[in-house]
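K.L.:
If it helps, the file is called structure-v3.txt and holds compact mmCIF, C-alpha atoms:
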```txt
# COMPACT_ATOMS: atom_id res chain seq x y z
CA MET A 34 0.00 0.00 0.00
CA LYS A 35 2.82 2.39 0.99
CA LYS A 36 4.69 1.51 -2.19
CA SER A 37 1.62 2.29 -4.34
CA LEU A 38 1.15 5.61 -2.55
CA TYR A 39 4.82 6.45 -3.11
CA VAL A 40 4.47 5.70 -6.84
CA ILE A 41 1.36 7.89 -7.08
CA ILE A 42 3.14 10.79 -5.35
CA LEU A 43 6.12 10.46 -7.70
CA LEU A 44 3.78 10.41 -10.69
CA MET A 45 1.99 13.55 -9.47
CA LEU A 46 5.30 15.33 -8.98
CA TRP A 47 6.40 14.34 -12.48
CA LEU A 48 3.15 15.59 -13.97
CA ASN A 49 3.44 18.89 -12.10
CA ASN A 50 7.00 19.35 -13.30
CA SER A 51 5.94 18.54 -16.87
CA PHE A 52 3.17 21.13 -16.65
CA ALA A 53 5.64 23.70 -15.32
CA LEU A 54 7.93 23.02 -18.23
CA THR A 55 5.15 23.64 -20.70
CA ARG A 56 4.41 27.00 -19.04
CA VAL A 57 8.09 27.88 -19.41
CA ASP A 58 7.87 26.87 -23.05
CA VAL A 59 4.96 29.29 -23.46
CA GLN A 60 7.26 32.10 -22.31
CA ILE A 61 9.91 30.94 -24.77
CA ILE A 62 7.37 30.76 -27.58
CA GLU A 63 6.16 34.31 -26.92
CA ALA A 64 9.72 35.67 -26.77
CA ARG A 65 10.56 33.72 -29.92
CA GLU A 66 7.60 35.24 -31.74
CA ASN A 67 8.68 38.70 -30.59
CA ILE A 68 12.21 38.10 -31.91
CA GLN A 69 10.77 36.92 -35.20
CA TYR A 70 8.73 40.12 -35.55
CA LEU A 71 11.39 42.55 -34.28
CA GLY A 72 14.03 41.13 -36.61
CA GLN A 73 11.80 42.21 -39.50
CA LYS A 74 10.70 45.52 -37.94
CA ILE A 75 14.27 46.66 -37.28
CA THR A 76 15.11 46.04 -40.93
CA THR A 77 12.03 47.84 -42.26
CA ASP A 78 12.80 50.80 -40.01
CA TYR A 79 16.35 50.97 -41.34
CA PHE A 80 15.14 50.97 -44.95
CA LEU A 81 12.88 53.90 -44.08
CA LEU A 82 15.80 55.63 -42.34
CA TYR A 83 17.84 55.18 -45.50
CA LYS A 84 15.19 57.22 -47.32
CA ARG A 85 14.63 59.66 -44.41
CA PRO A 86 17.94 59.86 -42.49
CA ASN A 87 16.91 62.99 -40.56
CA ASP A 88 13.67 61.52 -39.19
CA PHE A 89 14.45 61.49 -35.44
CA ILE A 90 11.19 59.76 -34.47
CA LEU A 91 11.98 56.94 -36.87
CA LYS A 92 15.54 56.72 -35.54
CA ASN A 93 14.26 56.48 -31.96
CA ASN A 94 11.84 53.71 -32.97
CA PHE A 95 14.72 51.89 -34.66
CA THR A 96 16.92 51.99 -31.54
CA ASP A 97 13.98 51.15 -29.22
CA ASN A 98 13.21 48.03 -31.27
CA ILE A 99 16.86 46.97 -31.07
CA THR A 100 16.56 47.22 -27.27
CA GLU A 101 13.35 45.14 -27.31
CA PHE A 102 15.04 42.56 -29.53
CA GLU A 103 17.85 42.25 -26.97
CA LYS A 104 15.36 41.92 -24.07
CA ASN A 105 13.60 38.99 -25.74
CA ILE A 106 16.91 37.23 -26.41
CA GLN A 107 17.66 37.60 -22.69
CA ILE A 108 14.25 36.20 -21.70
CA ILE A 109 14.95 32.95 -23.55
CA SER A 110 18.56 32.88 -22.33
CA ASN A 111 17.37 33.09 -18.70
CA ILE A 112 14.95 30.18 -19.16
CA THR A 113 16.35 27.59 -21.55
CA LYS A 114 18.98 24.95 -20.89
CA ASN A 115 18.81 23.59 -24.43
CA THR A 116 22.32 23.75 -25.93
CA SER A 117 21.05 24.21 -29.49
CA THR A 118 18.85 27.15 -28.46
CA LEU A 119 21.70 28.71 -26.47
CA SER A 120 23.89 28.42 -29.56
CA VAL A 121 21.28 30.28 -31.63
CA LEU A 122 21.08 32.98 -28.95
CA GLY A 123 24.87 33.32 -29.07
CA PHE A 124 24.60 33.94 -32.81
CA TYR A 125 21.80 36.48 -32.22
CA ASN A 126 23.97 38.38 -29.74
CA HIS A 127 26.83 38.42 -32.25
CA GLU A 128 24.52 39.89 -34.92
CA LEU A 129 23.04 42.29 -32.37
CA ARG A 130 26.46 43.80 -31.70
CA LYS A 131 26.83 44.45 -35.44
CA ILE A 132 23.37 46.02 -35.63
CA LYS A 133 24.18 48.36 -32.73
CA LYS A 134 27.25 49.53 -34.65
CA ILE A 135 25.14 50.03 -37.79
CA ALA A 136 22.72 52.16 -35.74
CA GLN A 137 25.56 54.57 -34.93
CA LYS A 138 26.44 55.16 -38.59
CA HIS A 139 24.79 57.19 -41.33
CA PRO A 140 22.38 54.93 -43.28
CA THR A 141 23.82 53.47 -46.50
CA LYS A 142 22.58 50.97 -49.05
CA GLU A 143 25.43 48.59 -48.20
CA LEU A 144 24.47 48.58 -44.52
CA ALA A 145 20.83 48.11 -45.52
CA LYS A 146 21.87 45.01 -47.45
CA GLU A 147 23.72 43.69 -44.38
CA LEU A 148 20.59 44.12 -42.27
CA LEU A 149 18.42 42.41 -44.88
CA THR A 150 20.75 39.39 -44.82
CA ALA A 151 20.77 39.37 -41.00
CA SER A 152 16.96 39.48 -40.86
CA GLU A 153 16.78 36.33 -42.98
CA THR A 154 19.14 34.47 -40.62
CA PHE A 155 17.02 35.58 -37.64
CA ILE A 156 14.10 33.70 -39.19
CA GLU A 157 16.22 30.55 -39.53
CA GLY A 158 17.21 30.86 -35.87
CA VAL A 159 13.58 31.16 -34.77
CA ILE A 160 12.72 27.98 -36.69
CA SER A 161 15.53 26.19 -34.84
CA ILE A 162 14.31 27.43 -31.44
CA ALA A 163 10.75 26.39 -32.29
CA SER A 164 11.88 22.83 -33.09
CA LYS A 165 13.43 22.51 -29.61
CA HIS A 166 10.46 23.82 -27.64
CA LYS A 167 7.35 21.97 -28.75
CA TYR A 168 4.36 20.95 -26.67
CA GLU A 169 0.67 20.26 -27.11
CA SER A 170 -0.93 23.70 -27.13
CA SER A 171 -4.47 24.73 -26.25
CA VAL A 172 -6.85 26.41 -28.70
CA GLU A 173 -6.17 29.82 -27.13
CA GLU A 174 -2.40 29.34 -27.39
CA GLU A 175 -2.75 28.32 -31.03
CA MET A 176 -4.84 31.39 -31.80
CA LEU A 177 -2.34 33.63 -30.00
CA VAL A 178 0.45 32.18 -32.15
CA HIS A 179 -1.66 32.72 -35.30
CA CYS A 180 -2.08 36.40 -34.36
CA LYS A 181 1.63 36.84 -33.65
CA ASP A 182 2.55 35.02 -36.85
CA LEU A 183 0.29 37.36 -38.81
CA THR A 184 1.95 40.39 -37.22
CA TYR A 185 5.38 39.02 -38.14
CA LEU A 186 4.33 38.08 -41.69
CA ILE A 187 2.78 41.49 -42.35
CA GLU A 188 6.02 43.11 -41.17
CA SER A 189 7.95 40.75 -43.47
CA ILE A 190 5.84 41.99 -46.37
CA SER A 191 6.68 45.59 -45.41
CA LYS A 192 10.37 44.67 -45.25
CA TYR A 193 10.48 43.06 -48.70
CA TYR A 194 8.41 45.90 -50.13
CA MET A 195 10.80 48.53 -48.75
CA ALA A 196 13.83 46.50 -49.87
CA PHE A 197 12.41 46.68 -53.39
CA GLN A 198 11.78 50.42 -53.02
CA ILE A 199 15.41 51.19 -52.11
CA GLY A 200 16.81 48.99 -54.87
CA LEU A 201 17.56 45.75 -53.00
CA LYS A 202 15.86 43.54 -55.54
CA GLY A 203 16.22 39.82 -56.10
CA GLU A 204 14.19 36.83 -57.20
CA GLN A 205 14.74 35.18 -53.80
CA TYR A 206 13.03 38.10 -52.07
CA ASP A 207 10.13 38.04 -54.54
CA LEU A 208 9.64 34.34 -53.77
CA LYS A 209 9.77 34.95 -50.02
CA MET A 210 7.20 37.71 -50.32
CA GLU A 211 4.92 35.39 -52.27
CA THR A 212 5.36 32.71 -49.58
CA ALA A 213 4.55 35.26 -46.86
CA ILE A 214 1.39 36.29 -48.72
CA GLN A 215 0.27 32.65 -48.89
CA GLU A 216 0.99 32.12 -45.18
CA ILE A 217 -0.99 35.24 -44.26
CA ASN A 218 -3.98 33.94 -46.20
CA LYS A 219 -3.65 30.59 -44.42
CA ASP A 220 -3.48 32.18 -40.95
CA LEU A 221 -6.47 34.39 -41.75
CA LYS A 222 -8.49 31.26 -42.52
CA SER A 223 -7.58 29.96 -39.05
CA LEU A 224 -8.80 33.21 -37.47
CA SER A 225 -12.08 32.83 -39.34
CA THR A 226 -12.76 29.48 -37.62
CA TYR A 227 -12.67 30.98 -34.12
CA ASN A 228 -15.92 32.06 -32.48
CA TYR A 229 -15.14 35.67 -31.55
CA ALA A 230 -17.54 38.06 -29.87
CA TYR A 231 -19.21 40.48 -32.29
CA GLU A 232 -16.85 43.45 -31.75
CA LEU A 233 -13.78 41.27 -32.32
CA GLN A 234 -15.37 39.49 -35.27
CA VAL A 235 -15.83 42.90 -36.87
CA LYS A 236 -12.08 43.46 -36.50
CA VAL A 237 -11.30 40.07 -38.03
CA GLU A 238 -13.47 40.92 -41.04
CA LYS A 239 -11.79 44.32 -41.30
CA ILE A 240 -8.35 42.66 -41.29
CA LYS A 241 -9.42 40.26 -44.03
CA SER A 242 -10.94 43.03 -46.15
CA ILE A 243 -7.92 45.35 -45.91
CA TRP A 244 -5.49 42.51 -46.57
CA GLU A 245 -7.48 41.33 -49.60
CA HIS A 246 -6.98 44.80 -51.06
CA ASN A 247 -3.33 45.22 -50.01
CA GLN A 248 -2.03 41.92 -51.30
CA THR A 249 -2.97 42.91 -54.85
CA PHE A 250 -0.42 45.73 -54.70
CA PHE A 251 2.27 43.59 -53.08
CA LYS A 252 1.90 41.04 -55.86
CA ASN A 253 2.59 43.76 -58.44
CA LEU A 254 5.59 45.63 -57.03
CA GLU A 255 6.66 47.15 -60.35
CA GLU A 256 3.31 48.96 -60.60
CA THR A 257 2.96 49.93 -56.93
CA THR A 258 3.94 53.46 -55.87
CA PHE A 259 1.76 54.10 -52.79
CA THR A 260 4.57 53.53 -50.28
CA ASN A 261 3.24 55.57 -47.34
CA LEU A 262 -0.33 54.42 -47.84
CA LEU A 263 0.56 50.72 -47.93
CA LEU A 264 2.90 50.88 -44.95
CA SER A 265 0.29 52.82 -42.94
CA SER A 266 -2.29 50.23 -43.89
CA ASN A 267 0.00 47.42 -42.71
CA THR A 268 0.54 49.28 -39.43
CA TYR A 269 -3.23 49.50 -38.95
CA LEU A 270 -3.54 45.74 -39.57
CA LYS A 271 -0.97 45.12 -36.84
CA THR A 272 -2.94 47.37 -34.47
CA LEU A 273 -6.08 45.29 -35.05
CA LEU A 274 -4.09 42.09 -34.49
CA ILE A 275 -2.79 43.41 -31.15
CA ASP A 276 -6.43 43.68 -30.01
CA LEU A 277 -6.92 40.00 -30.88
CA GLU A 278 -3.65 39.06 -29.15
CA THR A 279 -4.77 40.86 -25.99
CA TYR A 280 -8.05 38.94 -26.04
CA HIS A 281 -6.35 35.54 -26.34
CA LYS A 282 -3.79 36.39 -23.64
CA GLN A 283 -6.63 37.27 -21.27
CA LYS A 284 -8.42 34.02 -22.12
CA LEU A 285 -5.22 32.09 -21.37
CA TYR A 286 -4.88 33.89 -18.05
CA ASP A 287 -8.51 33.13 -17.16
CA GLU A 288 -7.98 29.44 -17.97
CA ARG A 289 -4.95 29.21 -15.68
CA VAL A 290 -6.53 30.87 -12.64
CA LYS A 291 -9.59 28.62 -12.67
```
If you took the structure in this file and wrote it as structure tokens, what would it be?

P.N.:
Amino acid sequence: MKKSLYVIILLMLWLNNSFALTRVDVQIIEARENIQYLGQKITTDYFLLYKRPNDFILKNNFTDNITEFEKNIQIISNITKNTSTLSVLGFYNHELRKIKKIAQKHPTKELAKELLTASETFIEGVISIASKHKYESSVEEEMLVHCKDLTYLIESISKYYMAFQIGLKGEQYDLKMETAIQEINKDLKSLSTYNYAYELQVKVEKIKSIWEHNQTFFKNLEETTFTNLLLSSNTYLKTLLIDLETYHKQKLYDERVK
């Protein structure tokens, strides 16, 4: 009888530890998603700075996002013991030091190209981190990831669009933009399956409607000249997605305190 009780206690402790690990993985996933987005945002900001080097608000946003990028690297570094993930973070810190040096120099096309290359490697690193921190997620966690992925993908579109605008053209970037467009459409279908309250459903429909219009221009870069309008529209889409993110985070919190 005592032996059976001992086994049950050990099993309960193991299950509790496993649950704790999954909560830690949630933190890693959120920081990973932030890194994925910020790696694109920093690059888009720099392309805009290249065109408007005296825009101090833009420059402040650029440096603030570099700081946020560093904070999210540190979040994962403080949590994970996975050697592969730590190796990726070491690479990120190496690239981060280079980006900080770039931020201190006058914007040039050559430095813009360096940042574009770095932003692509950041994506590869995020994929590696994701493969090392998997767990069975809830519906709310899945929807939160869909929202964050959409924010990242929309920023990727802005990045490739601005790269084209400043003359950093290439077939590989055209293909990546097309892939991002397809992934956005896929994630939007996932949002459409969720039973949102009316006011949030209105926002989902607004996101879908605006994106349906925008993607036509992004598919025809040679004919698109509405730079400020399209970037502002993408920013508005991200604002709507933040509202959805906030909703799913609250739902997750409510589930955990029950």

K.L.:
Skipping near chain neighbours, those fewer than 6 positions away, what residues fall within 12 Å of Glu245 in chain A using all atoms listed in the file, listed as a PDB file with C-alpha atoms, in the frame of the given file?

P.N.:
```
ATOM      1  CA  ILE A 214       1.390  36.290 -48.720  1.00  0.00           C
ATOM      2  CA  GLN A 215       0.270  32.650 -48.890  1.00  0.00           C
ATOM      3  CA  ILE A 217      -0.990  35.240 -44.260  1.00  0.00           C
ATOM      4  CA  ASN A 218      -3.980  33.940 -46.200  1.00  0.00           C
ATOM      5  CA  LEU A 221      -6.470  34.390 -41.750  1.00  0.00           C
ATOM      6  CA  GLU A 238     -13.470  40.920 -41.040  1.00  0.00           C
ATOM      7  CA  LYS A 239     -11.790  44.320 -41.300  1.00  0.00           C
ATOM      8  CA  PHE A 251       2.270  43.590 -53.080  1.00  0.00           C
ATOM      9  CA  LYS A 252       1.900  41.040 -55.860  1.00  0.00           C
ATOM     10  CA  SER A 266      -2.290  50.230 -43.890  1.00  0.00           C
ATOM     11  CA  ASN A 267       0.000  47.420 -42.710  1.00  0.00           C
ATOM     12  CA  LEU A 270      -3.540  45.740 -39.570  1.00  0.00           C
TER      13      LEU A 270
END
```

K.L.:
Could you list, as a ChimeraX atom specification, every residue within 8 Å of range 273-278 of chain A, counting all atoms listed in the file and ignoring same-chain residues fewer than 4 positions away?

P.N.:
/A:177,180-181,183-184,233,236-237,240,269,282

K.L.:
Contacts of Thr226 in chain A at 12 Å or less, counting all atoms listed in the file, minus same-chain residues fewer than 6 places along, as a list in words?

P.N.:
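Contacts, with the query itself left out: Val172, Met176, His179, Lys219, Asp220, Gln234, Val237 and Glu238 of chain A.
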
K.L.:
Please produce a file of the residues just selected, as a short mmCIF file (atom, residue, chain, number, x, y, z; two decimals), in the coordinates of the input, where the atoms kept are C-alpha atoms.

P.N.:
```cif
data_model
loop_
_atom_site.label_atom_id
_atom_site.label_comp_id
_atom_site.auth_asym_id
_atom_site.auth_seq_id
_atom_site.Cartn_x
_atom_site.Cartn_y
_atom_site.Cartn_z
CA VAL A 172 -6.85 26.41 -28.70
CA MET A 176 -4.84 31.39 -31.80
CA HIS A 179 -1.66 32.72 -35.30
CA LYS A 219 -3.65 30.59 -44.42
CA ASP A 220 -3.48 32.18 -40.95
CA GLN A 234 -15.37 39.49 -35.27
CA VAL A 237 -11.30 40.07 -38.03
CA GLU A 238 -13.47 40.92 -41.04
#
```

K.L.:
Nearest to Met195 in chain A among A:Gln137, A:Thr260, A:Ser170, A:Thr118, with distances taken over only C-alpha atoms: which residue is it?

P.N.:
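When distances to Met195 in chain A are compared using only C-alpha atoms, the smallest one comes from A:Thr260.
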
K.L.:
Pick out the residues sitting within 9 Å of Asn98 in chain A, and hand them over as a PDB file with C-alpha atoms, in the coordinates of the input; count only C-alpha atoms, and ignore anything fewer than 5 positions along from it in its own chain.

P.N.:
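Listed below is the output, part35.pdb:
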```
ATOM      1  CA  LEU A  71      11.390  42.550 -34.280  1.00  0.00           C
ATOM      2  CA  GLY A  72      14.030  41.130 -36.610  1.00  0.00           C
ATOM      3  CA  LYS A  74      10.700  45.520 -37.940  1.00  0.00           C
ATOM      4  CA  ILE A  75      14.270  46.660 -37.280  1.00  0.00           C
ATOM      5  CA  ASN A  93      14.260  56.480 -31.960  1.00  0.00           C
ATOM      6  CA  GLU A 103      17.850  42.250 -26.970  1.00  0.00           C
TER       7      GLU A 103
END
```

K.L.:
Excluding range 207-209 of chain A and its own-chain neighbours fewer than 3 positions away, which residues fall within 10 Å of it when counting all atoms listed in the file? Please give them as a list in words.

P.N.:
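Contacts, with the query itself left out: Ser189, Ile190, Tyr193, Tyr194, Phe197, Lys202, Gly203, Glu204, Thr212, Ala213, Ile214, Gln215, Phe251, Lys252 and Leu254 of chain A.
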
K.L.:
Quick one: pull the distance between CA of Thr77 in chain A and CA of Lys92 in chain A, Å, one decimal.

P.N.:
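Separating CA of Thr77 in chain A from CA of Lys92 in chain A is a distance of 11.7 Å.
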
K.L.:
Calculate how many Å separate CA of Asp287 in chain A from CA of Ser225 in chain A, rounding to one decimal.

P.N.:
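So the answer is 22.5 Å.
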
K.L.:
CA of Lys134 in chain A and CA of Ile156 in chain A are how many Å apart?

P.N.:
21.1 Å

K.L.:
Looking at A:Arg289, A:Tyr125, A:His281, A:Tyr79, which one is nearest to Glu147 in chain A, with distances taken over all atoms listed in the file?

P.N.:
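So, comparing all the options, the nearest one is A:Tyr79.
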
K.L.:
Name the closest residue to Asn228 in chain A among the candidates A:Leu201, A:Thr141, A:Asn253, A:Glu173; distances are taken between atoms, counting only C-alpha atoms.

P.N.:
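Using only C-alpha atoms, Asn228 in chain A sits closest to A:Glu173.
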
K.L.:
Which of these, A:Lys104, A:Lys114, A:Arg85, A:His127, has the shortest distance to His139 in chain A once you count all atoms listed in the file?

P.N.:
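Between A:Lys104, A:Lys114, A:Arg85, A:His127, the residue approaching His139 in chain A most closely is A:Arg85.
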
K.L.:
Taking N, CA and C atoms as the atom set, what does range 165-200 of chain A look like once completed, written as a PDB file, in the coordinates of the input?

P.N.:
```pdb
ATOM      1  N   LYS A 165      12.931  23.023 -30.895  1.00  0.00           N
ATOM      2  CA  LYS A 165      13.430  22.510 -29.610  1.00  0.00           C
ATOM      3  C   LYS A 165      12.469  22.755 -28.457  1.00  0.00           C
ATOM      4  N   HIS A 166      11.407  23.488 -28.710  1.00  0.00           N
ATOM      5  CA  HIS A 166      10.460  23.820 -27.640  1.00  0.00           C
ATOM      6  C   HIS A 166       9.036  23.595 -28.141  1.00  0.00           C
ATOM      7  N   LYS A 167       8.682  22.327 -28.268  1.00  0.00           N
ATOM      8  CA  LYS A 167       7.350  21.970 -28.750  1.00  0.00           C
ATOM      9  C   LYS A 167       6.539  21.370 -27.604  1.00  0.00           C
ATOM     10  N   TYR A 168       5.247  21.598 -27.622  1.00  0.00           N
ATOM     11  CA  TYR A 168       4.360  20.950 -26.670  1.00  0.00           C
ATOM     12  C   TYR A 168       2.947  21.037 -27.228  1.00  0.00           C
ATOM     13  N   GLU A 169       2.052  20.271 -26.624  1.00  0.00           N
ATOM     14  CA  GLU A 169       0.670  20.260 -27.110  1.00  0.00           C
ATOM     15  C   GLU A 169      -0.035  21.516 -26.602  1.00  0.00           C
ATOM     16  N   SER A 170      -0.362  22.407 -27.512  1.00  0.00           N
ATOM     17  CA  SER A 170      -0.930  23.700 -27.130  1.00  0.00           C
ATOM     18  C   SER A 170      -2.450  23.658 -27.077  1.00  0.00           C
ATOM     19  N   SER A 171      -3.014  24.587 -26.319  1.00  0.00           N
ATOM     20  CA  SER A 171      -4.470  24.730 -26.250  1.00  0.00           C
ATOM     21  C   SER A 171      -4.949  25.551 -27.442  1.00  0.00           C
ATOM     22  N   VAL A 172      -6.266  25.617 -27.599  1.00  0.00           N
ATOM     23  CA  VAL A 172      -6.850  26.410 -28.700  1.00  0.00           C
ATOM     24  C   VAL A 172      -6.447  27.875 -28.558  1.00  0.00           C
ATOM     25  N   GLU A 173      -6.504  28.402 -27.337  1.00  0.00           N
ATOM     26  CA  GLU A 173      -6.170  29.820 -27.130  1.00  0.00           C
ATOM     27  C   GLU A 173      -4.703  30.097 -27.453  1.00  0.00           C
ATOM     28  N   GLU A 174      -3.822  29.167 -27.078  1.00  0.00           N
ATOM     29  CA  GLU A 174      -2.400  29.340 -27.390  1.00  0.00           C
ATOM     30  C   GLU A 174      -2.168  29.303 -28.897  1.00  0.00           C
ATOM     31  N   GLU A 175      -2.873  28.404 -29.573  1.00  0.00           N
ATOM     32  CA  GLU A 175      -2.750  28.320 -31.030  1.00  0.00           C
ATOM     33  C   GLU A 175      -3.217  29.611 -31.695  1.00  0.00           C
ATOM     34  N   MET A 176      -4.323  30.154 -31.208  1.00  0.00           N
ATOM     35  CA  MET A 176      -4.840  31.390 -31.800  1.00  0.00           C
ATOM     36  C   MET A 176      -3.905  32.564 -31.519  1.00  0.00           C
ATOM     37  N   LEU A 177      -3.307  32.577 -30.332  1.00  0.00           N
ATOM     38  CA  LEU A 177      -2.340  33.630 -30.000  1.00  0.00           C
ATOM     39  C   LEU A 177      -1.151  33.568 -30.958  1.00  0.00           C
ATOM     40  N   VAL A 178      -0.684  32.353 -31.223  1.00  0.00           N
ATOM     41  CA  VAL A 178       0.450  32.180 -32.150  1.00  0.00           C
ATOM     42  C   VAL A 178       0.049  32.606 -33.561  1.00  0.00           C
ATOM     43  N   HIS A 179      -1.179  32.282 -33.975  1.00  0.00           N
ATOM     44  CA  HIS A 179      -1.660  32.720 -35.300  1.00  0.00           C
ATOM     45  C   HIS A 179      -1.616  34.251 -35.406  1.00  0.00           C
ATOM     46  N   CYS A 180      -2.070  34.927 -34.352  1.00  0.00           N
ATOM     47  CA  CYS A 180      -2.080  36.400 -34.360  1.00  0.00           C
ATOM     48  C   CYS A 180      -0.664  36.957 -34.428  1.00  0.00           C
ATOM     49  N   LYS A 181       0.239  36.380 -33.641  1.00  0.00           N
ATOM     50  CA  LYS A 181       1.630  36.840 -33.650  1.00  0.00           C
ATOM     51  C   LYS A 181       2.309  36.532 -34.976  1.00  0.00           C
ATOM     52  N   ASP A 182       1.994  35.367 -35.533  1.00  0.00           N
ATOM     53  CA  ASP A 182       2.550  35.020 -36.850  1.00  0.00           C
ATOM     54  C   ASP A 182       2.091  36.010 -37.911  1.00  0.00           C
ATOM     55  N   LEU A 183       0.818  36.384 -37.849  1.00  0.00           N
ATOM     56  CA  LEU A 183       0.290  37.360 -38.810  1.00  0.00           C
ATOM     57  C   LEU A 183       0.998  38.701 -38.683  1.00  0.00           C
ATOM     58  N   THR A 184       1.239  39.124 -37.446  1.00  0.00           N
ATOM     59  CA  THR A 184       1.950  40.390 -37.220  1.00  0.00           C
ATOM     60  C   THR A 184       3.349  40.324 -37.828  1.00  0.00           C
ATOM     61  N   TYR A 185       4.028  39.214 -37.585  1.00  0.00           N
ATOM     62  CA  TYR A 185       5.380  39.020 -38.140  1.00  0.00           C
ATOM     63  C   TYR A 185       5.353  38.974 -39.666  1.00  0.00           C
ATOM     64  N   LEU A 186       4.399  38.231 -40.228  1.00  0.00           N
ATOM     65  CA  LEU A 186       4.330  38.080 -41.690  1.00  0.00           C
ATOM     66  C   LEU A 186       4.009  39.407 -42.374  1.00  0.00           C
ATOM     67  N   ILE A 187       3.116  40.182 -41.781  1.00  0.00           N
ATOM     68  CA  ILE A 187       2.780  41.490 -42.350  1.00  0.00           C
ATOM     69  C   ILE A 187       4.010  42.403 -42.327  1.00  0.00           C
ATOM     70  N   GLU A 188       4.786  42.326 -41.238  1.00  0.00           N
ATOM     71  CA  GLU A 188       6.020  43.110 -41.170  1.00  0.00           C
ATOM     72  C   GLU A 188       7.037  42.618 -42.196  1.00  0.00           C
ATOM     73  N   SER A 189       7.062  41.309 -42.437  1.00  0.00           N
ATOM     74  CA  SER A 189       7.950  40.750 -43.470  1.00  0.00           C
ATOM     75  C   SER A 189       7.597  41.315 -44.846  1.00  0.00           C
ATOM     76  N   ILE A 190       6.296  41.413 -45.108  1.00  0.00           N
ATOM     77  CA  ILE A 190       5.840  41.990 -46.370  1.00  0.00           C
ATOM     78  C   ILE A 190       6.331  43.434 -46.491  1.00  0.00           C
ATOM     79  N   SER A 191       6.195  44.203 -45.399  1.00  0.00           N
ATOM     80  CA  SER A 191       6.680  45.590 -45.410  1.00  0.00           C
ATOM     81  C   SER A 191       8.182  45.640 -45.674  1.00  0.00           C
ATOM     82  N   LYS A 192       8.909  44.713 -45.074  1.00  0.00           N
ATOM     83  CA  LYS A 192      10.370  44.670 -45.250  1.00  0.00           C
ATOM     84  C   LYS A 192      10.742  44.414 -46.706  1.00  0.00           C
ATOM     85  N   TYR A 193      10.152  43.378 -47.305  1.00  0.00           N
ATOM     86  CA  TYR A 193      10.480  43.060 -48.700  1.00  0.00           C
ATOM     87  C   TYR A 193      10.038  44.167 -49.647  1.00  0.00           C
ATOM     88  N   TYR A 194       8.905  44.789 -49.308  1.00  0.00           N
ATOM     89  CA  TYR A 194       8.410  45.900 -50.130  1.00  0.00           C
ATOM     90  C   TYR A 194       9.388  47.073 -50.088  1.00  0.00           C
ATOM     91  N   MET A 195       9.861  47.420 -48.881  1.00  0.00           N
ATOM     92  CA  MET A 195      10.800  48.530 -48.750  1.00  0.00           C
ATOM     93  C   MET A 195      12.170  48.186 -49.342  1.00  0.00           C
ATOM     94  N   ALA A 196      12.568  46.928 -49.248  1.00  0.00           N
ATOM     95  CA  ALA A 196      13.830  46.500 -49.870  1.00  0.00           C
ATOM     96  C   ALA A 196      13.762  46.766 -51.374  1.00  0.00           C
ATOM     97  N   PHE A 197      12.620  46.440 -51.958  1.00  0.00           N
ATOM     98  CA  PHE A 197      12.410  46.680 -53.390  1.00  0.00           C
ATOM     99  C   PHE A 197      12.460  48.183 -53.682  1.00  0.00           C
ATOM    100  N   GLN A 198      11.851  48.972 -52.807  1.00  0.00           N
ATOM    101  CA  GLN A 198      11.780  50.420 -53.020  1.00  0.00           C
ATOM    102  C   GLN A 198      13.146  51.101 -52.976  1.00  0.00           C
ATOM    103  N   ILE A 199      14.086  50.557 -52.189  1.00  0.00           N
ATOM    104  CA  ILE A 199      15.410  51.190 -52.110  1.00  0.00           C
ATOM    105  C   ILE A 199      16.430  50.509 -53.024  1.00  0.00           C
ATOM    106  N   GLY A 200      15.928  49.585 -53.859  1.00  0.00           N
ATOM    107  CA  GLY A 200      16.810  48.990 -54.870  1.00  0.00           C
ATOM    108  C   GLY A 200      17.454  47.680 -54.495  1.00  0.00           C
TER     109      GLY A 200
END
```
